[in-house]
>>> print(open('structure.cif').read())   # mmCIF, C-alpha atoms
data_run
loop_
_atom_site.label_atom_id
_atom_site.label_comp_id
_atom_site.auth_asym_id
_atom_site.auth_seq_id
_atom_site.Cartn_x
_atom_site.Cartn_y
_atom_site.Cartn_z
CA MET A 17 6.81 -6.28 38.96
CA PRO A 18 8.70 -6.92 35.70
CA GLN A 19 12.36 -6.00 35.63
CA VAL A 20 14.41 -4.74 32.70
CA SER A 21 18.19 -4.98 32.56
CA LEU A 22 19.88 -2.78 30.02
CA THR A 23 22.97 -0.68 29.48
CA VAL A 24 22.45 3.06 29.22
CA ASN A 25 25.40 5.23 28.23
CA GLY A 26 27.78 2.48 29.31
CA THR A 27 26.20 1.92 32.73
CA GLN A 28 24.31 -1.26 33.53
CA HIS A 29 20.84 -0.71 35.04
CA THR A 30 18.23 -3.11 36.34
CA VAL A 31 14.93 -1.30 36.71
CA GLU A 32 11.45 -2.27 37.85
CA VAL A 33 8.86 -1.31 35.25
CA GLU A 34 5.31 -2.08 34.22
CA ASN A 35 4.95 -3.96 30.95
CA ARG A 36 3.31 -0.85 29.53
CA THR A 37 6.21 1.43 30.53
CA LEU A 38 7.72 3.07 27.47
CA LEU A 39 11.47 3.17 26.94
CA VAL A 40 11.38 6.98 27.15
CA GLU A 41 9.59 6.75 30.51
CA LEU A 42 12.24 4.36 31.79
CA LEU A 43 14.99 6.74 30.69
CA ARG A 44 13.41 9.91 32.04
CA GLU A 45 11.51 8.76 35.10
CA LYS A 46 13.36 5.67 36.33
CA ILE A 47 16.95 6.57 35.43
CA GLY A 48 16.56 10.36 35.53
CA LEU A 49 18.00 11.06 32.10
CA THR A 50 15.71 13.90 31.07
CA GLY A 51 17.73 14.96 28.04
CA THR A 52 15.54 12.68 25.93
CA HIS A 53 12.33 14.61 25.35
CA VAL A 54 8.72 13.70 24.72
CA GLY A 55 7.23 16.01 22.13
CA CYS A 56 4.25 14.61 20.29
CA ASP A 57 4.10 11.18 21.96
CA THR A 58 2.77 9.83 18.63
CA SER A 59 6.07 8.85 16.90
CA GLN A 60 5.96 11.87 14.60
CA CYS A 61 8.29 14.49 16.06
CA GLY A 62 11.49 12.64 16.93
CA ALA A 63 12.31 14.56 20.13
CA CYS A 64 12.58 11.16 21.86
CA VAL A 65 15.13 9.59 19.48
CA VAL A 66 17.82 7.50 21.19
CA HIS A 67 20.14 4.80 19.89
CA VAL A 68 19.24 1.19 20.69
CA ASP A 69 22.11 -1.13 19.80
CA GLY A 70 23.56 1.61 17.62
CA THR A 71 20.40 2.42 15.65
CA SER A 72 18.18 5.47 16.02
CA VAL A 73 14.67 4.71 17.26
CA LYS A 74 11.77 6.65 18.73
CA SER A 75 11.80 5.79 22.43
CA CYS A 76 8.17 6.88 22.86
CA THR A 77 7.15 4.01 20.58
CA MET A 78 9.11 1.19 22.17
CA LEU A 79 8.25 -0.64 25.35
CA ALA A 80 10.90 -0.69 28.05
CA VAL A 81 10.60 -4.49 28.17
CA GLN A 82 11.53 -4.62 24.48
CA ALA A 83 14.87 -3.07 25.42
CA GLU A 84 15.85 -5.99 27.68
CA GLY A 85 19.57 -6.60 27.20
CA ALA A 86 19.94 -3.65 24.86
CA ASN A 87 22.69 -1.08 24.70
CA VAL A 88 21.06 2.35 24.77
CA THR A 89 22.76 5.69 24.10
CA THR A 90 21.03 8.96 24.95
CA ILE A 91 22.09 12.56 24.40
CA GLU A 92 23.78 12.46 27.84
CA GLY A 93 26.06 9.68 26.64
CA LEU A 94 27.65 11.58 23.76
CA ALA A 95 30.12 13.99 25.38
CA ALA A 96 33.44 12.72 26.73
CA ALA A 97 33.98 12.37 30.47
CA ASP A 98 35.90 15.67 30.51
CA GLY A 99 32.96 17.46 28.92
CA THR A 100 34.35 17.57 25.39
CA LEU A 101 31.32 17.61 23.14
CA HIS A 102 30.67 15.00 20.46
CA PRO A 103 31.51 16.49 17.02
CA MET A 104 27.81 16.59 16.18
CA GLN A 105 27.01 18.54 19.34
CA GLU A 106 29.95 20.86 18.62
CA MET A 107 28.73 21.51 15.08
CA PHE A 108 25.18 22.17 16.28
CA ARG A 109 26.71 24.83 18.54
CA GLU A 110 29.06 26.16 15.87
CA HIS A 111 26.29 26.52 13.27
CA HIS A 112 23.58 27.73 15.65
CA ALA A 113 21.45 24.72 14.77
CA LEU A 114 18.99 25.29 17.59
CA GLN A 115 16.83 27.96 19.08
CA CYS A 116 14.60 26.71 21.90
CA GLY A 117 16.45 23.40 21.99
CA PHE A 118 13.49 21.13 22.58
CA CYS A 119 13.98 19.07 19.42
CA THR A 120 17.78 19.17 19.67
CA PRO A 121 18.50 15.92 21.55
CA GLY A 122 16.47 13.94 19.02
CA MET A 123 17.96 15.86 16.11
CA VAL A 124 21.49 15.14 17.31
CA MET A 125 20.81 11.44 17.86
CA SER A 126 19.18 11.05 14.43
CA ALA A 127 21.96 13.07 12.81
CA ILE A 128 24.70 10.88 14.30
CA ASP A 129 23.01 7.72 13.02
CA LEU A 130 22.54 9.36 9.61
CA VAL A 131 26.23 10.30 9.33
CA GLN A 132 27.43 6.93 10.65
CA SER A 133 25.25 5.01 8.22
CA HIS A 134 26.51 6.98 5.20
CA PRO A 135 30.28 6.49 5.08
CA GLU A 136 30.08 7.16 1.34
CA GLY A 137 29.03 10.77 1.99
CA LEU A 138 25.78 12.69 2.29
CA SER A 139 24.24 15.27 -0.01
CA GLU A 140 22.18 18.13 1.37
CA HIS A 141 19.12 16.41 -0.09
CA GLN A 142 19.93 13.16 1.71
CA ILE A 143 20.38 15.03 4.99
CA ARG A 144 17.00 16.70 4.61
CA GLU A 145 15.35 13.36 3.74
CA GLY A 146 17.16 11.70 6.64
CA LEU A 147 15.61 14.20 9.05
CA GLU A 148 12.06 13.32 8.01
CA GLY A 149 11.37 11.84 11.41
CA ASN A 150 12.45 14.93 13.36
CA LEU A 151 10.43 18.12 13.61
CA CYS A 152 11.81 21.52 14.58
CA ARG A 153 9.25 24.25 15.15
CA CYS A 154 11.46 27.30 15.63
CA THR A 155 14.70 27.70 13.70
CA GLY A 156 13.73 25.73 10.65
CA TYR A 157 16.12 23.18 9.30
CA HIS A 158 18.73 25.17 7.40
CA ASN A 159 21.35 25.43 10.13
CA ILE A 160 20.67 21.88 11.31
CA VAL A 161 21.45 20.64 7.80
CA LYS A 162 24.63 22.75 7.75
CA ALA A 163 25.71 21.38 11.14
CA ILE A 164 25.26 17.78 10.01
CA ALA A 165 27.23 18.36 6.80
CA ALA A 166 29.97 19.95 8.89
CA ALA A 167 30.03 17.06 11.35
CA TRP A 168 30.47 14.39 8.64
CA PRO A 169 34.23 15.07 8.04
CA LEU A 170 34.87 15.30 11.79
CA MET A 171 33.17 11.95 12.44
CA HIS A 172 34.73 10.13 9.49
CA GLY A 173 38.17 11.80 9.75
CA LYS A 174 38.31 12.80 6.09
CA THR A 175 36.83 15.26 3.63
CA MET A 176 33.30 14.40 2.58
CA PRO A 177 33.23 13.06 -0.98
CA ALA A 178 30.61 14.49 -3.31
CA ALA A 179 27.80 12.04 -2.58
CA ALA A 180 25.93 10.31 -5.33
CA GLU A 181 22.22 11.11 -5.08
CA MET B 23 -2.04 2.60 27.98
CA TYR B 24 -3.83 -0.21 29.79
CA ASP B 25 -1.36 -2.62 31.33
CA PHE B 26 -0.95 -6.12 29.92
CA ALA B 27 1.06 -9.25 30.46
CA TYR B 28 4.13 -9.58 28.28
CA GLN B 29 5.84 -12.63 26.83
CA LYS B 30 8.86 -12.90 24.60
CA PRO B 31 8.88 -16.51 23.35
CA GLY B 32 12.05 -17.94 21.82
CA SER B 33 10.41 -19.77 18.93
CA VAL B 34 7.50 -19.51 16.51
CA ALA B 35 5.96 -22.63 18.08
CA ASP B 36 5.97 -21.04 21.54
CA ALA B 37 4.58 -17.79 20.17
CA VAL B 38 1.75 -19.68 18.47
CA LYS B 39 1.07 -21.52 21.72
CA ALA B 40 0.84 -18.22 23.61
CA LEU B 41 -1.56 -16.75 21.04
CA ALA B 42 -3.68 -19.90 20.91
CA ALA B 43 -3.98 -20.02 24.70
CA ASP B 44 -5.68 -16.64 24.98
CA PRO B 45 -8.16 -15.08 22.54
CA GLU B 46 -7.26 -11.63 23.92
CA ALA B 47 -3.54 -12.07 23.20
CA LYS B 48 -1.90 -9.85 20.60
CA ALA B 49 1.30 -10.40 18.63
CA LEU B 50 3.88 -7.60 18.67
CA ALA B 51 6.25 -7.28 15.72
CA GLY B 52 7.94 -3.88 15.30
CA GLY B 53 5.22 -2.14 17.26
CA MET B 54 5.03 0.89 14.99
CA THR B 55 1.25 0.54 14.79
CA LEU B 56 0.42 -1.58 17.83
CA ILE B 57 2.17 0.63 20.39
CA PRO B 58 0.44 3.84 19.21
CA VAL B 59 -2.86 1.92 19.21
CA LEU B 60 -2.23 0.75 22.78
CA LYS B 61 -1.29 4.28 23.82
CA GLN B 62 -4.66 5.50 22.57
CA ARG B 63 -6.41 2.68 24.45
CA LEU B 64 -7.98 1.52 21.20
CA ASN B 65 -6.97 -2.03 22.00
CA HIS B 66 -6.73 -3.84 25.33
CA PRO B 67 -4.85 -7.12 24.92
CA SER B 68 -4.50 -9.40 27.91
CA VAL B 69 -1.03 -10.43 26.83
CA VAL B 70 1.37 -8.98 24.29
CA VAL B 71 3.43 -11.68 22.60
CA ASP B 72 6.69 -10.13 21.39
CA LEU B 73 8.02 -11.91 18.28
CA ALA B 74 11.50 -10.35 18.53
CA LYS B 75 13.22 -13.59 19.55
CA THR B 76 11.43 -15.96 17.17
CA GLY B 77 14.22 -15.87 14.59
CA LEU B 78 12.06 -14.55 11.75
CA SER B 79 14.45 -11.92 10.43
CA GLY B 80 16.50 -12.24 7.26
CA ILE B 81 16.49 -12.04 3.47
CA THR B 82 17.16 -14.96 1.11
CA ALA B 83 17.57 -14.69 -2.65
CA GLY B 84 16.05 -17.60 -4.58
CA ALA B 85 15.90 -18.47 -8.24
CA GLY B 86 13.77 -15.65 -9.59
CA SER B 87 12.43 -14.63 -6.21
CA VAL B 88 13.34 -13.13 -2.88
CA THR B 89 12.10 -14.34 0.50
CA ILE B 90 11.93 -11.92 3.39
CA GLY B 91 11.53 -13.05 7.00
CA ALA B 92 8.48 -11.58 8.70
CA MET B 93 10.48 -9.68 11.35
CA THR B 94 12.81 -8.06 8.82
CA THR B 95 12.70 -4.29 9.24
CA HIS B 96 11.84 -1.84 6.48
CA ALA B 97 15.37 -0.40 6.82
CA ALA B 98 16.90 -3.84 6.23
CA VAL B 99 14.76 -4.43 3.13
CA ALA B 100 15.58 -0.96 1.77
CA ALA B 101 19.31 -1.52 2.28
CA SER B 102 19.43 -5.15 1.09
CA ALA B 103 21.71 -5.68 -1.91
CA GLU B 104 19.67 -8.79 -2.82
CA VAL B 105 16.33 -6.98 -2.82
CA ARG B 106 17.78 -4.04 -4.72
CA ARG B 107 19.15 -6.42 -7.33
CA ILE B 108 16.12 -8.69 -7.71
CA ILE B 109 13.20 -6.27 -7.13
CA PRO B 110 14.50 -2.69 -6.90
CA ALA B 111 10.95 -1.34 -6.70
CA LEU B 112 10.40 -3.30 -3.47
CA ALA B 113 13.56 -1.89 -1.86
CA ALA B 114 12.51 1.62 -2.89
CA LEU B 115 9.04 1.08 -1.42
CA ALA B 116 10.51 -0.06 1.91
CA GLY B 117 12.77 2.99 1.97
CA GLY B 118 9.75 5.27 1.61
CA ILE B 119 7.77 3.96 4.58
CA GLY B 120 7.40 6.39 7.48
CA ASP B 121 10.76 7.84 8.48
CA GLU B 122 14.22 6.48 9.25
CA GLN B 123 13.45 5.70 12.89
CA VAL B 124 10.17 4.00 12.05
CA ARG B 125 11.94 1.94 9.38
CA HIS B 126 14.43 0.76 11.98
CA ARG B 127 11.63 -0.89 13.99
CA GLY B 128 8.71 -1.57 11.63
CA THR B 129 8.57 -4.99 9.98
CA ILE B 130 7.16 -6.45 6.77
CA GLY B 131 5.21 -9.12 8.64
CA GLY B 132 3.68 -6.57 10.97
CA SER B 133 2.66 -4.35 8.08
CA LEU B 134 1.01 -7.18 6.14
CA ALA B 135 -0.75 -8.66 9.17
CA ASN B 136 -2.11 -5.23 10.12
CA ASP B 137 -3.27 -4.53 6.54
CA ASP B 138 -3.67 -0.80 7.06
CA PRO B 139 -5.63 0.51 4.04
CA ALA B 140 -2.95 3.17 3.47
CA ALA B 141 0.12 1.00 4.07
CA ASP B 142 2.69 0.45 1.32
CA TYR B 143 3.61 -3.24 1.63
CA PRO B 144 0.13 -4.61 0.80
CA ALA B 145 0.40 -2.96 -2.64
CA ALA B 146 3.74 -4.66 -3.29
CA ALA B 147 2.54 -8.05 -2.08
CA LEU B 148 -0.62 -7.92 -4.18
CA ALA B 149 0.96 -6.52 -7.37
CA LEU B 150 3.89 -8.92 -7.24
CA GLY B 151 1.68 -11.90 -6.42
CA ALA B 152 3.63 -12.64 -3.26
CA THR B 153 3.16 -15.77 -1.20
CA ILE B 154 2.67 -15.17 2.50
CA THR B 155 3.97 -18.10 4.52
CA THR B 156 2.70 -18.67 8.05
CA ASN B 157 3.26 -21.30 10.72
CA LYS B 158 0.35 -23.21 9.13
CA ARG B 159 0.32 -22.69 5.37
CA ALA B 160 1.23 -20.64 2.33
CA ILE B 161 -1.32 -17.99 1.33
CA ALA B 162 -1.41 -16.25 -2.05
CA ALA B 163 -1.59 -12.47 -1.73
CA ASP B 164 -4.82 -12.57 -3.79
CA ASP B 165 -6.43 -14.56 -0.95
CA PHE B 166 -4.65 -12.84 1.94
CA PHE B 167 -6.11 -9.32 1.87
CA GLN B 168 -9.81 -9.35 2.77
CA GLY B 169 -10.69 -5.70 3.34
CA MET B 170 -9.13 -3.01 5.47
CA PHE B 171 -7.39 -4.32 8.60
CA THR B 172 -8.69 -7.77 7.66
CA THR B 173 -6.60 -10.68 6.41
CA ALA B 174 -6.86 -14.44 6.01
CA LEU B 175 -4.78 -14.90 9.17
CA GLU B 176 -6.35 -16.91 11.96
CA ALA B 177 -5.98 -15.90 15.59
CA ASP B 178 -3.14 -18.32 16.27
CA GLU B 179 -1.43 -17.84 12.93
CA ILE B 180 1.83 -15.93 12.52
CA ILE B 181 3.43 -14.80 9.27
CA THR B 182 6.89 -16.32 9.09
CA SER B 183 8.07 -15.06 5.69
CA VAL B 184 6.97 -13.49 2.43
CA THR B 185 8.20 -14.63 -0.99
CA PHE B 186 8.12 -12.17 -3.87
CA PRO B 187 8.57 -13.43 -7.45
CA ALA B 188 10.90 -11.22 -9.49
CA PRO B 189 9.00 -9.27 -12.17
CA ALA B 190 10.38 -8.27 -15.55
CA ALA B 191 9.76 -4.67 -14.52
CA ALA B 192 8.06 -2.95 -11.60
CA ASN B 193 7.60 0.41 -9.94
CA TYR B 194 5.73 1.94 -7.01
CA GLN B 195 4.49 5.50 -6.97
CA LYS B 196 3.06 7.02 -3.83
CA PHE B 197 1.24 10.30 -3.37
CA ARG B 198 1.98 10.52 0.29
CA ASN B 199 0.44 12.35 3.17
CA PRO B 200 3.26 14.78 4.00
CA ALA B 201 2.76 14.40 7.76
CA SER B 202 2.23 10.67 8.23
CA ARG B 203 3.93 9.51 4.98
CA TYR B 204 1.13 7.00 4.54
CA ALA B 205 -0.21 6.69 1.01
CA ILE B 206 -3.09 8.96 0.07
CA VAL B 207 -2.81 6.91 -3.10
CA GLY B 208 -0.08 4.40 -3.91
CA VAL B 209 0.07 2.32 -7.08
CA PHE B 210 2.39 -0.66 -7.58
CA VAL B 211 2.75 -1.88 -11.16
CA ALA B 212 4.47 -5.22 -11.89
CA ARG B 213 5.04 -6.65 -15.33
CA PHE B 214 5.43 -10.43 -15.66
CA PRO B 215 5.68 -12.58 -18.80
CA ALA B 216 2.12 -13.77 -18.10
CA GLY B 217 0.74 -10.25 -17.79
CA VAL B 218 0.72 -7.05 -15.76
CA ARG B 219 -0.56 -6.73 -12.20
CA VAL B 220 -1.59 -3.38 -10.72
CA ALA B 221 -2.34 -2.92 -7.02
CA VAL B 222 -3.67 0.25 -5.43
CA THR B 223 -3.32 1.19 -1.76
CA GLY B 224 -4.54 4.21 0.22
CA ALA B 225 -7.48 4.79 -2.08
CA GLY B 226 -10.06 2.02 -1.85
CA GLN B 227 -12.81 1.72 0.75
CA GLY B 228 -12.04 -1.96 1.03
CA GLY B 229 -8.28 -1.55 1.43
CA VAL B 230 -5.71 -2.62 -1.14
CA PHE B 231 -7.19 -3.79 -4.49
CA ARG B 232 -6.16 -4.89 -7.97
CA HIS B 233 -7.11 -2.63 -10.84
CA ALA B 234 -8.48 -5.07 -13.45
CA ALA B 235 -9.10 -2.49 -16.20
CA MET B 236 -5.53 -1.20 -15.97
CA GLU B 237 -4.11 -4.71 -15.85
CA ALA B 238 -5.92 -5.63 -19.08
CA ALA B 239 -4.82 -2.45 -20.85
CA LEU B 240 -1.21 -2.73 -19.70
CA SER B 241 -0.96 -6.43 -20.49
CA ALA B 242 -1.83 -5.53 -24.10
CA ASN B 243 0.40 -2.46 -24.25
CA PHE B 244 2.76 -1.61 -21.41
CA SER B 245 2.87 2.16 -21.75
CA PRO B 246 1.39 5.13 -19.88
CA ASP B 247 -0.74 5.93 -22.94
CA ALA B 248 -2.45 2.54 -22.68
CA ILE B 249 -4.15 3.57 -19.42
CA ALA B 250 -4.70 7.26 -20.21
CA ALA B 251 -8.40 6.59 -20.85
CA VAL B 252 -8.90 4.03 -18.06
CA THR B 253 -10.99 5.55 -15.29
CA THR B 254 -11.37 4.52 -11.66
CA PRO B 255 -14.88 4.68 -10.18
CA ALA B 256 -14.91 7.33 -7.41
CA GLY B 257 -17.75 5.48 -5.69
CA ASP B 258 -15.28 2.84 -4.49
CA MET B 259 -12.79 5.38 -3.12
CA ASN B 260 -12.17 6.69 0.39
CA SER B 261 -13.03 10.26 1.20
CA ASP B 262 -11.51 12.07 4.19
CA ILE B 263 -9.95 15.38 5.23
CA HIS B 264 -6.86 14.59 3.14
CA ALA B 265 -8.52 13.86 -0.19
CA SER B 266 -11.99 13.45 -1.66
CA ALA B 267 -13.04 10.24 -3.39
CA GLU B 268 -12.99 12.01 -6.78
CA TYR B 269 -9.45 13.30 -6.16
CA ARG B 270 -8.25 9.86 -5.09
CA ALA B 271 -9.80 8.29 -8.20
CA HIS B 272 -7.95 10.85 -10.31
CA LEU B 273 -4.69 10.23 -8.46
CA VAL B 274 -4.91 6.48 -9.08
CA GLY B 275 -4.57 7.20 -12.80
CA VAL B 276 -1.76 9.69 -12.32
CA MET B 277 0.25 7.43 -10.03
CA ALA B 278 -0.31 4.41 -12.29
CA ARG B 279 0.93 6.26 -15.36
CA ARG B 280 3.99 7.48 -13.47
CA ALA B 281 4.69 3.96 -12.24
CA VAL B 282 4.46 2.50 -15.75
CA ALA B 283 6.73 5.23 -17.12
CA ALA B 284 9.30 4.59 -14.37
CA ALA B 285 9.06 0.78 -14.29
CA SER B 286 12.39 -0.99 -14.61
#
>>> encode(input="structure.cif", output="structure tokens")
Amino acid sequence: MPQVSLTVNGTQHTVEVENRTLLVELLREKIGLTGTHVGCDTSQCGACVVHVDGTSVKSCTMLAVQAEGANVTTIEGLAAADGTLHPMQEMFREHHALQCGFCTPGMVMSAIDLVQSHPEGLSEHQIREGLEGNLCRCTGYHNIVKAIAAAWPLMHGKTMPAAAE
Amino acid sequence: MYDFAYQKPGSVADAVKALAADPEAKALAGGMTLIPVLKQRLNHPSVVVDLAKTGLSGITAGAGSVTIGAMTTHAAVAASAEVRRIIPALAALAGGIGDEQVRHRGTIGGSLANDDPAADYPAAALALGATITTNKRAIAADDFFQGMFTTALEADEIITSVTFPAPAAANYQKFRNPASRYAIVGVFVARFPAGVRVAVTGAGQGGVFRHAAMEAALSANFSPDAIAAVTTPAGDMNSDIHASAEYRAHLVGVMARRAVAAAS
């Protein structure tokens, strides 16, 4: 059986998979990290978003074997060892940016990539556009957008400049 | 998904060898189309040949052109300072494909080789008169696209890069499906000293096509008014749950006029 070696949340894993095993299946079923969700399974909804080598991707549309040697971060890898939440998680809590919570892991992972990749600042419009690949079916997006705007200064350690559109 | 063998060759030559050795082999670029297709069991390759390690990623600015490696992601093209400087319309097009996560994986070579009739890149390649370079030859975009999901590529032929000549002005306007973000109609207009090229995606029954009547009108007078009276025959258009053929034909005109007005 094929083997995949990869780092997940800082821990090295070598896992037996089939070539057709998806990255999300490896994470959930082989490593037991069920925080990453499968919503639509058709790369639309974004519940399965994780970071592969620092970039947000849909883990339901990537083969586990494609992640050989990769550094993967899932929702479980965000909080500090003492349980201190990542600023994005904290702001999702602060701004009530979730209701049922199913889309939340993917939202948080996409949001972190969005904030990290925009050191120049983010407008509300850019945040909404940046969440195109993540669907929420209960709260709507308003508080999610607020949480992401609030997390930007915490993640960059300064006040957010007024972003150019 | 049916299971398959998997190879990740370290060079284009080895990837070509793997594809040539097995008629049921399939090349994997970003996987944003192939993996969903495999999940639906619409395709059953014997071996998937992953091109990730073939060194085909990167963007090079030339004299009056830009060359993009086949495995360059949409996100990299959208963010490239070179592409934004030389052909801003191409960077904007790449930034409007799918969503952020799809753009992090999807590649220009994969998009062109797949030739989805509603994909964005075929419109850019055809309107800009791009040259598609493979392991075997250089193919003009006019010869490359041969009907939906059909290209000039042979079974053991891999796109290595795409070279886009810089236009004097260009723009791409897409009326997108709000769920899939594919083009219901997308029109790419490119103005060159020798004339104007107009390519339409999402609309035609035969995939991406050049709009000869608009090209003639715009080459004489590059303004939205010049094509106000140019019609698009609905008989050649797709019709589906998203848009009728008549509506698509109408949208071709609207998107083309918007593209001309916005071209820079």
>>> resolve_selection(input="structure.cif", expression="the PyMOL selection byres ((chain A and resi 68) around 12)", output="JSON, numbers by chain")
{"A": [22, 23, 24, 25, 39, 40, 65, 66, 67, 69, 70, 71, 72, 73, 74, 75, 78, 80, 82, 83, 84, 85, 86, 87, 88, 89, 90, 125, 126, 129], "B": [123, 126, 127]}
>>> resolve_selection(input="structure.cif", expression="the PyMOL selection byres ((chain A) within 7 of (chain B))", output="compact mmCIF listing (two decimals) with C-alpha atoms, keeping the file's coordinate frame")
# COMPACT_ATOMS: atom_id res chain seq x y z
CA ASN A 35 4.95 -3.96 30.95
CA ARG A 36 3.31 -0.85 29.53
CA THR A 58 2.77 9.83 18.63
CA SER A 72 18.18 5.47 16.02
CA VAL A 73 14.67 4.71 17.26
CA LYS A 74 11.77 6.65 18.73
CA THR A 77 7.15 4.01 20.58
CA GLY A 146 17.16 11.70 6.64
CA GLU A 148 12.06 13.32 8.01
CA GLY A 149 11.37 11.84 11.41
>>> closest_residue(input="structure.cif", among="A:Leu114, A:Val20, A:Cys119, A:Ala63", to="A:Leu79", atoms="all atoms listed in the file")
A:Val20
>>> atom_distance(input="structure.cif", atom1="atom CA of B:Ala177", atom2="atom CA of B:Ala147")
21.1 Å
>>> resolve_selection(input="structure.cif", expression="the PyMOL selection byres ((chain A and resi 110-112) around 10)", output="PyMOL selection string")
chain A and resi 104-109+113-115+155+158-164+166
>>> build_atoms(input="structure.cif", residues="stretch 109-121 of chain A", atoms="N, CA, C and O atoms", output="CSV table (one decimal), keeping the file's coordinate frame")
chain,number,residue,atom,x,y,z
A,109,ARG,N,26.4,23.6,17.9
A,109,ARG,CA,26.7,24.8,18.5
A,109,ARG,C,27.3,25.8,17.5
A,109,ARG,O,26.9,27.0,17.4
A,110,GLU,N,28.3,25.3,16.8
A,110,GLU,CA,29.1,26.2,15.9
A,110,GLU,C,28.1,26.8,14.8
A,110,GLU,O,28.3,28.0,14.5
A,111,HIS,N,27.1,26.0,14.4
A,111,HIS,CA,26.3,26.5,13.3
A,111,HIS,C,24.9,27.1,13.8
A,111,HIS,O,24.1,27.3,13.0
A,112,HIS,N,24.8,27.2,15.1
A,112,HIS,CA,23.6,27.7,15.6
A,112,HIS,C,22.4,26.9,15.1
A,112,HIS,O,21.4,27.5,14.6
A,113,ALA,N,22.5,25.6,15.3
A,113,ALA,CA,21.4,24.7,14.8
A,113,ALA,C,20.3,24.5,15.8
A,113,ALA,O,19.6,23.5,15.7
A,114,LEU,N,20.1,25.4,16.7
A,114,LEU,CA,19.0,25.3,17.6
A,114,LEU,C,18.6,26.7,18.1
A,114,LEU,O,19.3,27.6,18.0
A,115,GLN,N,17.3,26.7,18.5
A,115,GLN,CA,16.8,28.0,19.1
A,115,GLN,C,16.3,27.6,20.5
A,115,GLN,O,17.0,27.8,21.4
A,116,CYS,N,15.1,27.0,20.6
A,116,CYS,CA,14.6,26.7,21.9
A,116,CYS,C,15.3,25.5,22.4
A,116,CYS,O,15.4,25.3,23.6
A,117,GLY,N,15.7,24.6,21.6
A,117,GLY,CA,16.4,23.4,22.0
A,117,GLY,C,15.6,22.2,22.3
A,117,GLY,O,16.2,21.1,22.6
A,118,PHE,N,14.3,22.3,22.2
A,118,PHE,CA,13.5,21.1,22.6
A,118,PHE,C,13.7,19.9,21.7
A,118,PHE,O,13.8,18.8,22.1
A,119,CYS,N,13.8,20.2,20.4
A,119,CYS,CA,14.0,19.1,19.4
A,119,CYS,C,15.4,18.6,19.3
A,119,CYS,O,15.7,17.6,18.7
A,120,THR,N,16.4,19.4,19.9
A,120,THR,CA,17.8,19.2,19.7
A,120,THR,C,18.3,17.8,20.1
A,120,THR,O,19.1,17.2,19.3
A,121,PRO,N,18.0,17.3,21.2
A,121,PRO,CA,18.5,15.9,21.6
A,121,PRO,C,18.1,14.9,20.5
A,121,PRO,O,19.0,14.1,20.1
